[in-house]
Every structure is written in C-alpha cells, then in structure tokens.
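Notes to accompany the following structure.
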Amino acid sequence: MAEGFIQEDGSRSLKEIANGYLTDLVDRNLLIVEQWYALGDVSDCKVHDLVRQVCVEKGKEERFFLKIDSPPSNRLFSIIRKQNKKLRNWKKVITTNKPRRVVTYQEINIKRLSPPPTPSVRSFVGLNRETTIIHNISKFFHSFACRRVLNPEKFLCSFALLRVLHLEKCESNDFSPGLALLVHLRFLQIWLSSFPPSICNLWNLQTLWIKTLSSYMVLPSNISDLVNLRHLGSNADLYLPSIEGPMKLLEVISKVVLGDGVDNFQKCFPGIKELTSTLYSDKENDFEVLHYLQILILIGSGYSRRRSVEGEFVRGEPNLGKNHIIIRFPATLKSLELERCGLPWSDMSIIQSLPNLEVLVIVDNGFEGTLWKTTGEEQFQQLKFLRLEKLNIKQWEASSINFPCLQQLQVLNCIVLEEIPLELGDISTLEYIKVWNCGASLLESLQKIRQEQDDAGNYELKIFVDGRDMPSCEPNHDD
C-alpha cells in the first residue's frame with residue numbers, strides 16, 4: 001500500500017483491497033498461510049521454496065529488489081571468500097541495476113557509495129540491529145537544507161523519493177532533523193526515545209510505527225498535521241494531552257490515552273476502526289459514538305485517568321475496585337478483547353447484545369468472579385471465536401443455545417475452572433476446543449465431551465490438551 005501498488009476504488013479501503021489480493025494468492029496456492037487472525041484474515045504466510053526461487057530470480061531480472069545478506073560464519077573459510085566477493089560487488093549492483101527496494105541484513109554506509117544510489121530506491125528495509133543509515137540520511141538532507149554540501153544533488157537524489165523506511169531492529173533513539181525532509185515517506189517504522197513535533201512534517205505518512213524503551217510516549221498536539229495517516233502504533237502507551245484537529249483518515253491506533261485537553265475519541269478519530277486503549281475506572285468509557293469501530297482492545301489499569309502535570313506523564317490514584325466501570329460499545333463491533341478490566345460477570349449481558357460480535361477474548365481477569373452463568377435463551381448471535389485466559393472462574397454454566405455460531409473455543413491457564421459445559425460439544429459449528437494448563441476435573445469434562453460426541457458420530461470435533469490431540473474413537477471402516 002505504501003508504494004502505491006494498490007489504488008482505492010471508492011467503495012473499499014486500501015486494506016480491504018489488499019486483503020482481497022492476498023486471499024487470491026492463497027486460493028491460487030502461491031502463498032501458504034501459517035497463521036490466521038481470529039476474524040479470518042491472514043496473519044502470517046510463507047511461500048514454497050520453488051516459488052521463492054522464481055520470485056527472487058524474477059525480482060533480480062526486473063530490478064524489483066536487492067537483498068544484502070548477513071556476513072557468513074567465520075568457520076567456513078571457503079564460503080567466506082565466495083561471500084566476500086559478493087559483498088564487494090553490492091555497491092556496483094545497487095548503482096548499476098538501480099533496484100527500487102533494498103533489504104539488508106548488514107550495515108550500509110551511504111557515504112561510501114560512489115556514485116550514490118539513484119532515485120529509483122523507493123523502499124529501504126534495515127534488518128540489522130545497528131545502523132548509521134538514519135544518521136547518514138539525516139546528515140545529508142539537513143546539510144542540503146543548510147547548503148553545506150559540496151554536491152548536495154548526489155545525496156538528495158539518493159533518498160529523495162523514498163516511500164518506505166523500515167528500521168524496526170535498528171535501535172536508534174534520535175530523530176534527526178534531516179529525516180523530516182523525507183516528505184514522500186508513506187511508511188516509517190523507527191526507534192525513538194521521544195516523539196518530536198518535526199515528524200509531523202511528513203504529511204504523506206500513512207503508517208507510523210514507533211518502538212521505544214520507555215513505557216509511554218507523549219504525542220504532540222500537531223499530530224493532526226499528518227493528514228494522510230491511517231495507522232499509528234507503538235509498543236508503549238501513546239499519551240495525547242491535546243490535539244489541534246480531528247484525524248479523519250486514521251483507522252488504527254494502539255495504546256492511546258486521552259489527556260485532559262481531549263474530550264473523547266470521536267472528536268479525535270471519527271473514522272477509527274481498530275483501537276487499543278487503556279481503561280480507567282473514574283471515567284465513562286463511551287465507545288458507542290465510534291460508528292466505524294470494528295476491533296477494540298481494552299486494557300485495565302487499576303488507576304484513575306492519567307493526567308499531564310507540568311509536561312509529565314503520571315498516574316492518578318488507584319481505584320482498587322471502588323468505582324464501577326461504565327462501558328458502552330458500538331453495534332458495529334466485531335472483535336473485543338478485555339484484559340485486566342476486572343468487570344463483573346453480570347456485565348456480560350451487555351456484550352451478548354452486540355449483534356455483530358464474532359471474536360471475544362477475555363484475558364488476565366478481564367472479568368472477575370468465580371461463576372459465569374450464561375443460561376436461558378440469551379445468545380451471542382454471531383460469536384465464532386471465544387478465548388478465556390488467566391481467569392479465576394471456577395464454574396461456567398452454558399448451553400449450545402447460547403453460542404449458536406461458535407467455531408473455536410480456547411481455555412488457557414484457567415487452572416481453577418472445574419469443567420467446560422458438556423452441552424457446548426453439541427454446537428454444530430464447533431470445530432475445536434483447545435485447553436492449556438487445566439485441572440483434573442476439567443480434563444474429565446473434556447473426556448466426557450469427547451465420548452458423547454463420538455457416540456453421536458461427531459468425529460470432526462477436535463480437542464487439544466496442552467498441545468496434544470485428544471483422539472476420537474472413530475471406527476475403522478476398512479475391510
């Protein structure tokens with residue numbers, strides 16, 4: 001998407017179009033799916049060795065990309081000599097063949113390129129942990145801006161049209177001013193110690209992912225200058241004290257915390273579709289106003305709302321369960337994950353009423369209490385995937401009526417749960433039950449489910465305990 005291979009058609013988003021292309025490649029057996037998302041999208045995939053070989057050869061032929069491998073092992077002298085010869089030639093390759101994409105597992109010092117790479121380079125992916133590429137690109141662009149380079153056009157043309165800069169493994173904490181001149185960037189993944197306001201000059205950015213060693217990162221109020229941003233993510237909390245205007249195209253944001261200068265998510269991100277947010281106990285958490293929200297992850301803090309004090313990022317007072325958390329969900333929600341929220345099981349009726357919910361994940365006391373009673377005619381109308389993990393639940397009362405569309409059930413590290421309701425095995429759509437680190441009584445309930453389903457001729461149901469298949473007793477029909 002960042003390189004412009006995919007164009008919007010008006011009726012679908014870029015992500016939807018890209019998923020369609022990816023699905024088409026899977027259906028043609030050109031890609032092998034390693035892992036799926038719970039909603040059915042492809043998470044990880046790979047290609048067969050022969051397909052990969054064809055792609056590599058075709059890529060070289062059409063100058064699609066250049067891959068620079070890591071230096072070889074010192075033990076293999078003969079391989080070293082052959083590999084070093086190749087490494088001496090990579091500068092010639094990058095300047096002669098003019099590849100549009102460079103993927104490197106080793107250091108590249110662009111100062112030593114003579115002549116430098118041409119404007120053909122659109123993507124640079126650095127997979128080595130340490131690199132001077134950030135410093136060098138920044139240095140030459142900044143020097144060009146200050147007119148301190150003898151031949152600035154040589155280095156300006158090197159990366160002026162760069163659209164993708166992927167430096168996830170390059171642990172550099174500084175964002176040098178010269179990088180803000182890479183105005184054609186659409187995808188940036190980088191390490192930073194803080195979020196500089198100058199990064200908001202990259203108005204073409206569509207995806208920004210920041211890794212940091214800090215537990216939080218404060219976003220500048222001019223973050224809304226990134227008018228084309230669709231995806232904003234980080235491994236740390238993103239604290240937004242205030243914002244100058246709405247980010248109308250933003251669809252995905254992770255671990256965001258709103259400050260006192262921000263009223264609600266709807267005013268900041270009116271078109272948000274995927275949101276990861278910290279849940280605080282002293283505020284109403286109204287997500288119902290987010291009319292496009294489909295995926296929501298809520299992580300409880302056990303604290304009141306964080307506030308900005310003299311530019312610092314601090315926690316409020318711990319709630320310790322004194323206040324009841326109020327949450328409102330939109331009807332558009334398809335996937336919901338609750339982690340450390342400490343909600344009472346009685347609130348599950350609110351989630352049950354969501355008409356489009358397909359995925360529900362409850363982790364690390366997302367709900368608290370020893371009894372989950374899901375009886376009567378109450379239904380999760382569209383729920384296909386349910387995962388319970390690290391909960392203190394002891395008893396679970398439910399029937400097949402409550403989960404008419406359930407396909408996958410996972411119960412992980414719920415060590416005090418006594419049993420899985422036997423009637424869940426009667427769900428016609430259920431494909432597998434996966435259990436990890438369970439007690440003896442829960443294992444007995446699984447054996448009963450296995451036996452009952454075998455007696456009913458349902459040999460298709462798969463049951464996995466600690467990664468091992470609990471085999472069915474399907475009769476052998478061989479003569």
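As shown in the structure tokens, the chain order sets the letters A, B, ...; within each chain, residues go from 1, and ligands are also counted from 1 in the order they appear.
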(message) When you look at Lys67 in chain A with a cut-off of 9 Å (counting only C-alpha atoms), what residues show up, excluding the ones that are within fewer than 4 positions of it in the same chain? I need them as an NGL selection string.
(response) :A and (101-105)
(message) Neighbouring residues of range 442-451 of chain A were defined as those with any atom within 9 Å, considering only C-alpha atoms; residues of the same chain fewer than 3 positions away were excluded. Please report them as an MDAnalysis selection string.
(response) chainID A and resid 415:426 433 435 438:439 454:456 458:459 461:463 465 470:473
Shell around Glu368 in chain A at 10 Å using only C-alpha atoms, local window under 6 positions removed, as a PDB file with C-alpha atoms, in the first residue's frame:
ATOM      1  CA  ARG A 340      -7.216  -6.736  33.400  1.00  0.00           C
ATOM      2  CA  CYS A 341     -10.516  -4.830  33.342  1.00  0.00           C
ATOM      3  CA  GLY A 342     -11.959  -6.581  36.404  1.00  0.00           C
ATOM      4  CA  LEU A 343     -15.560  -6.422  35.192  1.00  0.00           C
ATOM      5  CA  PRO A 344     -18.285  -8.423  36.957  1.00  0.00           C
ATOM      6  CA  TRP A 345     -19.735 -11.360  35.003  1.00  0.00           C
ATOM      7  CA  SER A 346     -23.148  -9.698  35.233  1.00  0.00           C
ATOM      8  CA  LEU A 391      -9.219 -16.110  34.811  1.00  0.00           C
ATOM      9  CA  ASN A 392     -10.244 -17.008  38.371  1.00  0.00           C
ATOM     10  CA  ILE A 393     -13.530 -18.522  37.190  1.00  0.00           C
TER      11      ILE A 393
END
(message) Show me, as a list of chain:residue names, the residues that have an atom within 6 Å of range 369-377 of chain A when counting only C-alpha atoms, minus same-chain residues fewer than 4 positions from it.
(response)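 Residues near the query, excluding close chain neighbours: A:Trp345, A:Ile393, A:Lys394, A:Gln395, A:Trp396, A:Glu397, A:Ala398.
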(request) Compile the contact shell of Val361 in chain A as a ChimeraX atom specification: residues with an atom at most 8 Å away, counting only C-alpha atoms, same-chain residues fewer than 3 positions apart removed. (result) /A:336-338,386-389
(message) Can you tell me, as a list in words, which residues in range 430-479 of chain A count as helix (DSSP H, G or I) by DSSP?
(response)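 Residues of range 430-479 of chain A classed as helix (DSSP H, G or I): Ala440, Ser441, Leu442, Leu443, Glu444, Ser445, Leu446, Gln447, Lys448, Ile449, Arg450, Gln451, Glu452, Gln453, Asp454 and Asp455 of chain A.
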(request) Would you work out the distance separating CA of Ile299 in chain A from CA of Glu244 in chain A, expressed in Å to one decimal? (result) 26.4 Å
(request) Find, counting only C-alpha atoms, the residue in A:Leu162, A:Cys170, A:Leu412, A:Leu406 that gets nearest to Leu202 in chain A. (result) A:Leu162
Excluding range 30-35 of chain A and its own-chain neighbours fewer than 4 positions away, which residues fall within 10 Å of it when counting only C-alpha atoms? Please give them as a PDB file with N, CA and C atoms, in the first residue's frame.
ATOM      1  N   LEU A  22      -4.419 -10.650  -1.369  1.00  0.00           N
ATOM      2  CA  LEU A  22      -3.727 -11.670  -0.588  1.00  0.00           C
ATOM      3  C   LEU A  22      -4.519 -12.977  -0.579  1.00  0.00           C
ATOM      4  N   THR A  23      -5.823 -12.871  -0.410  1.00  0.00           N
ATOM      5  CA  THR A  23      -6.676 -14.056  -0.438  1.00  0.00           C
ATOM      6  C   THR A  23      -6.624 -14.756  -1.791  1.00  0.00           C
ATOM      7  N   ASP A  24      -6.554 -13.965  -2.849  1.00  0.00           N
ATOM      8  CA  ASP A  24      -6.469 -14.532  -4.193  1.00  0.00           C
ATOM      9  C   ASP A  24      -5.177 -15.334  -4.362  1.00  0.00           C
ATOM     10  N   LEU A  25      -4.057 -14.832  -3.832  1.00  0.00           N
ATOM     11  CA  LEU A  25      -2.791 -15.556  -3.912  1.00  0.00           C
ATOM     12  C   LEU A  25      -2.839 -16.850  -3.103  1.00  0.00           C
ATOM     13  N   VAL A  26      -3.526 -16.817  -1.952  1.00  0.00           N
ATOM     14  CA  VAL A  26      -3.682 -18.028  -1.138  1.00  0.00           C
ATOM     15  C   VAL A  26      -4.536 -19.052  -1.876  1.00  0.00           C
ATOM     16  N   GLY A  40     -10.528 -14.114  10.590  1.00  0.00           N
ATOM     17  CA  GLY A  40     -10.438 -14.820   9.322  1.00  0.00           C
ATOM     18  C   GLY A  40      -9.449 -14.241   8.332  1.00  0.00           C
ATOM     19  N   ASP A  41      -8.811 -13.105   8.654  1.00  0.00           N
ATOM     20  CA  ASP A  41      -7.793 -12.540   7.769  1.00  0.00           C
ATOM     21  C   ASP A  41      -6.469 -13.269   7.956  1.00  0.00           C
ATOM     22  N   VAL A  42      -5.608 -13.200   6.951  1.00  0.00           N
ATOM     23  CA  VAL A  42      -4.302 -13.841   7.013  1.00  0.00           C
ATOM     24  C   VAL A  42      -3.382 -13.043   7.934  1.00  0.00           C
ATOM     25  N   SER A  43      -2.748 -13.723   8.890  1.00  0.00           N
ATOM     26  CA  SER A  43      -1.793 -13.080   9.786  1.00  0.00           C
ATOM     27  C   SER A  43      -0.366 -13.265   9.284  1.00  0.00           C
ATOM     28  N   ASP A  44       0.076 -14.507   9.107  1.00  0.00           N
ATOM     29  CA  ASP A  44       1.425 -14.808   8.630  1.00  0.00           C
ATOM     30  C   ASP A  44       1.331 -15.806   7.487  1.00  0.00           C
ATOM     31  N   CYS A  45       2.206 -15.645   6.511  1.00  0.00           N
ATOM     32  CA  CYS A  45       2.215 -16.568   5.386  1.00  0.00           C
ATOM     33  C   CYS A  45       3.642 -16.763   4.890  1.00  0.00           C
ATOM     34  N   LYS A  46       3.840 -17.781   4.081  1.00  0.00           N
ATOM     35  CA  LYS A  46       5.147 -18.069   3.503  1.00  0.00           C
ATOM     36  C   LYS A  46       4.934 -18.615   2.096  1.00  0.00           C
ATOM     37  N   VAL A  47       6.037 -18.793   1.368  1.00  0.00           N
ATOM     38  CA  VAL A  47       5.964 -19.341   0.019  1.00  0.00           C
ATOM     39  C   VAL A  47       6.801 -20.606  -0.043  1.00  0.00           C
ATOM     40  N   HIS A  48       6.454 -21.485  -0.971  1.00  0.00           N
ATOM     41  CA  HIS A  48       7.229 -22.697  -1.200  1.00  0.00           C
ATOM     42  C   HIS A  48       8.606 -22.314  -1.727  1.00  0.00           C
ATOM     43  N   VAL A  51       8.700 -21.526  -5.426  1.00  0.00           N
ATOM     44  CA  VAL A  51       8.059 -20.245  -5.737  1.00  0.00           C
ATOM     45  C   VAL A  51       8.966 -19.102  -5.326  1.00  0.00           C
ATOM     46  N   ARG A  52       9.600 -19.241  -4.167  1.00  0.00           N
ATOM     47  CA  ARG A  52      10.512 -18.200  -3.703  1.00  0.00           C
ATOM     48  C   ARG A  52      11.675 -18.022  -4.673  1.00  0.00           C
TER      49      ARG A  52
END
(request) Run DSSP on the backbone and give me the residues of range 421-473 of chain A it puts in strand (DSSP E or B), as number ranges by chain. (result) A: 432-436, 462-465, 468-469
(request) Select, from A:Glu168, A:Glu57, A:Asp364, A:Asp286, the residue with the minimum atom-to-atom distance to Asn235 in chain A, counting only C-alpha atoms. (result)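 Distance minimum relative to Asn235 in chain A lands on A:Glu168.
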